[in-house]
Amino acid sequence: MAVVVQFLVRKFVDSLAEEGASELPFSTDFYDIRAELEKAAISPTNADELRECMYELNNLLSHCRMLTNRLNTPSCFSPSKAWHSNKVKKRVVAMKRRVLQCVQSDPNGEATALQEDNTTAGFSRWTTSWAEQNMIHGFDEQLAELEHKAFMDCSPGSLTGVGIVGMGGIGKTALAQLIFNSPHARGRFFPRIWVCLSRTTCAAKDVRKEVLQSILMALGLEEEVILALDGGGASLGDLELAVHEQLKGKRYLIVFDDVWNIDGWYTNIAGRHNALPGGDQRSNCLALSLPTERGGVVVVTSRLQQAAEMMVGKSSVYHVQPLADRESSWAIFMDGISKERRAIDITDVNSMKEEILETCGGLPSMAKAMAGIFADSLLSSPVSTSSQELSLSGGLVK
């Protein structure tokens, strides 16, 4: 069930991203819902309700897309259009309330903990393949190096592996998103699959099965089949074989984002000639699920160098560096300020530029966090934020 929910959330996030700058009705509500979903934990207590929410939410998004086309037609405005728009608005607001209740409370009304520990029931971090590419700055050189590593040799018979390693907030996921959505990847690899390993949901469940189910869902396998495999007692070997059959004959790209605790099942998924699962070999490792006839690319991101090395090999690991160009950090900070949708005196912002950049330390995530901290500080006091206050605030961000 969790895999279906994750797929539906990804579908909503990606569909919302496709709207771009178009005038989508009630976009603020949709973006607020997306923000809550991206930090929500999926657990056995809320999975069923969240699944139903996501079905209706995706339908609502499609409905609003059609509503946009109707409202933009050159015909005269009519009272019926206004009535219809208000009716949809009520549905969107009601759905927003329902999603918030679902992700913030358990059935007894108690707040559900959003864990960051990979050993517990849920994790607060959620990633998708979508990225606001116009708001990613300073990675041109590192991206070029990674693309060379990933795409220079995708010959049939083996998989190319790339490990992206670095501290939290340094931009590993952003780089993986840029690779995933690059023109080269779009033109050469099909399918392209994104698997977020930080969002495995239940410690009691076999995470390896969830990984394989996520791949099958991304490949378009019917939901009924996924649910049947999930609840029908399918073995790990059955799922490995299903993935292998779905990928056979394809040149594909798979991103395993935010890898943490892994075991021998994940070992050496790239750089080998993977045999068809069968006989005693089944359930030995993930690599046996990944056919190599036409070649392909596997990208792994992790804070743990050992985990990335285990999956793709030591020579294939790339260490992400903090942004060397200070103006790139400043651009990220200013993008964050612009997204706050608040009236902020640009003079106050510019006066703190050097201290802000010093606090950010070349970390993109810190630049984004500082934008929110700075905006909150300016609104909380009529006096400009002092450097001491800013430094103390920045120290709270992990």
# chains A, B, ... in the order shown; residues from 1 in each chain; ligands from 1
call {"tool": "residues_around", "arguments": {"residues": "region 58-68 of chain A", "least_positions_apart": "6", "cutoff": "8 Å", "atoms": "only C-alpha atoms", "output": "ChimeraX atom specification"}}
result
/A:8,11-12,16,23-25,85,88,92
call {"tool": "residues_around", "arguments": {"residues": "Thr127 (chain A)", "least_positions_apart": "4", "cutoff": "9 Å", "atoms": "only C-alpha atoms", "output": "PyMOL selection string"}}
result
chain A and resi 10+38+173+194-196+198-199+257-258
call {"tool": "write_last_selection", "arguments": {"atoms": "C-alpha atoms", "output": "mmCIF file, in the first residue's frame"}}
result
data_model
loop_
_atom_site.group_PDB
_atom_site.id
_atom_site.type_symbol
_atom_site.label_atom_id
_atom_site.label_comp_id
_atom_site.auth_asym_id
_atom_site.auth_seq_id
_atom_site.Cartn_x
_atom_site.Cartn_y
_atom_site.Cartn_z
ATOM 1 C CA ARG A 10 4.939 11.640 -6.968
ATOM 2 C CA GLU A 38 6.827 16.427 1.075
ATOM 3 C CA THR A 173 19.736 15.366 -4.735
ATOM 4 C CA TRP A 194 13.463 7.657 -9.390
ATOM 5 C CA VAL A 195 13.513 5.676 -6.115
ATOM 6 C CA CYS A 196 13.744 7.609 -2.830
ATOM 7 C CA SER A 198 14.830 7.730 2.673
ATOM 8 C CA ARG A 199 11.057 7.315 2.435
ATOM 9 C CA ASP A 257 18.287 8.826 -3.835
ATOM 10 C CA ASP A 258 19.255 9.301 -0.194
#
call {"tool": "residues_around", "arguments": {"residues": "Ala176 (chain A)", "least_positions_apart": "4", "cutoff": "8 Å", "atoms": "only C-alpha atoms", "output": "PDB file with C-alpha atoms, in the first residue's frame"}}
result
ATOM      1  CA  ILE A 164      27.115  11.135  -5.428  1.00  0.00           C
ATOM      2  CA  LYS A 172      23.407  15.723  -3.878  1.00  0.00           C
ATOM      3  CA  PHE A 180      17.844  12.734 -14.433  1.00  0.00           C
ATOM      4  CA  VAL A 255      18.324   6.985  -9.391  1.00  0.00           C
ATOM      5  CA  ASP A 257      18.287   8.826  -3.835  1.00  0.00           C
ATOM      6  CA  VAL A 299      22.929   6.865  -9.898  1.00  0.00           C
ATOM      7  CA  THR A 301      23.180   9.551  -3.680  1.00  0.00           C
TER       8      THR A 301
END
call {"tool": "closest_atom_pairs", "arguments": {"of": "region 140-212 of chain A", "to": "region 316-331 of chain A", "cutoff": "6 Å", "atoms": "only C-alpha atoms", "output": "CSV"}}
result
residue,atom,partner,partner_atom,distance
A:Val162,CA,A:Ser316,CA,5.1
A:Gly163,CA,A:Val317,CA,4.3
A:Ile164,CA,A:Tyr318,CA,5.0
A:Val165,CA,A:His319,CA,4.9
A:Gly166,CA,A:Val320,CA,5.4
call {"tool": "residues_around", "arguments": {"residues": "Cys285 (chain A)", "least_positions_apart": "3", "cutoff": "9 Å", "atoms": "only C-alpha atoms", "output": "count of residues only"}}
result
11
call {"tool": "atom_distance", "arguments": {"atom1": "CA of Ala17 (chain A)", "atom2": "CA of Ala131 (chain A)"}}
result
8.3 Å
call {"tool": "residues_around", "arguments": {"residues": "Gln306 (chain A)", "least_positions_apart": "4", "cutoff": "10 Å", "atoms": "only C-alpha atoms", "output": "ChimeraX atom specification"}}
result
/A:165,260,262,302,310-311,313-314,317
call {"tool": "atom_distance", "arguments": {"atom1": "CA of Gly295 (chain A)", "atom2": "CA of Pro156 (chain A)"}}
result
4.1 Å
call {"tool": "select_by_dssp", "arguments": {"residues": "region 286-387 of chain A", "states": "helix (DSSP H, G or I)", "output": "count of residues only"}}
result
61
call {"tool": "residues_around", "arguments": {"residues": "Leu37 (chain A)", "least_positions_apart": "2", "cutoff": "9 Å", "atoms": "only C-alpha atoms", "output": "list in words"}}
result
Val9, Asp32, Ile33, Arg34, Ala35, Lys39, Ala40, Ala41, Val99, Leu100, Val103 and Trp126 of chain A
call {"tool": "write_last_selection", "arguments": {"atoms": "C-alpha atoms", "output": "PDB file, in the first residue's frame"}}
result
ATOM      1  CA  VAL A   9       2.193  11.588  -4.325  1.00  0.00           C
ATOM      2  CA  ASP A  32       0.639  24.307   0.359  1.00  0.00           C
ATOM      3  CA  ILE A  33      -0.614  20.727   0.056  1.00  0.00           C
ATOM      4  CA  ARG A  34       2.575  19.744  -1.775  1.00  0.00           C
ATOM      5  CA  ALA A  35       4.708  21.247   1.001  1.00  0.00           C
ATOM      6  CA  LYS A  39       7.487  16.441   4.812  1.00  0.00           C
ATOM      7  CA  ALA A  40       4.817  13.954   5.868  1.00  0.00           C
ATOM      8  CA  ALA A  41       5.344  10.445   7.173  1.00  0.00           C
ATOM      9  CA  VAL A  99      -4.767  16.007   3.710  1.00  0.00           C
ATOM     10  CA  LEU A 100      -3.487  18.082   6.637  1.00  0.00           C
ATOM     11  CA  VAL A 103      -0.605  13.595   7.617  1.00  0.00           C
ATOM     12  CA  TRP A 126      10.812  13.113   0.592  1.00  0.00           C
TER      13      TRP A 126
END
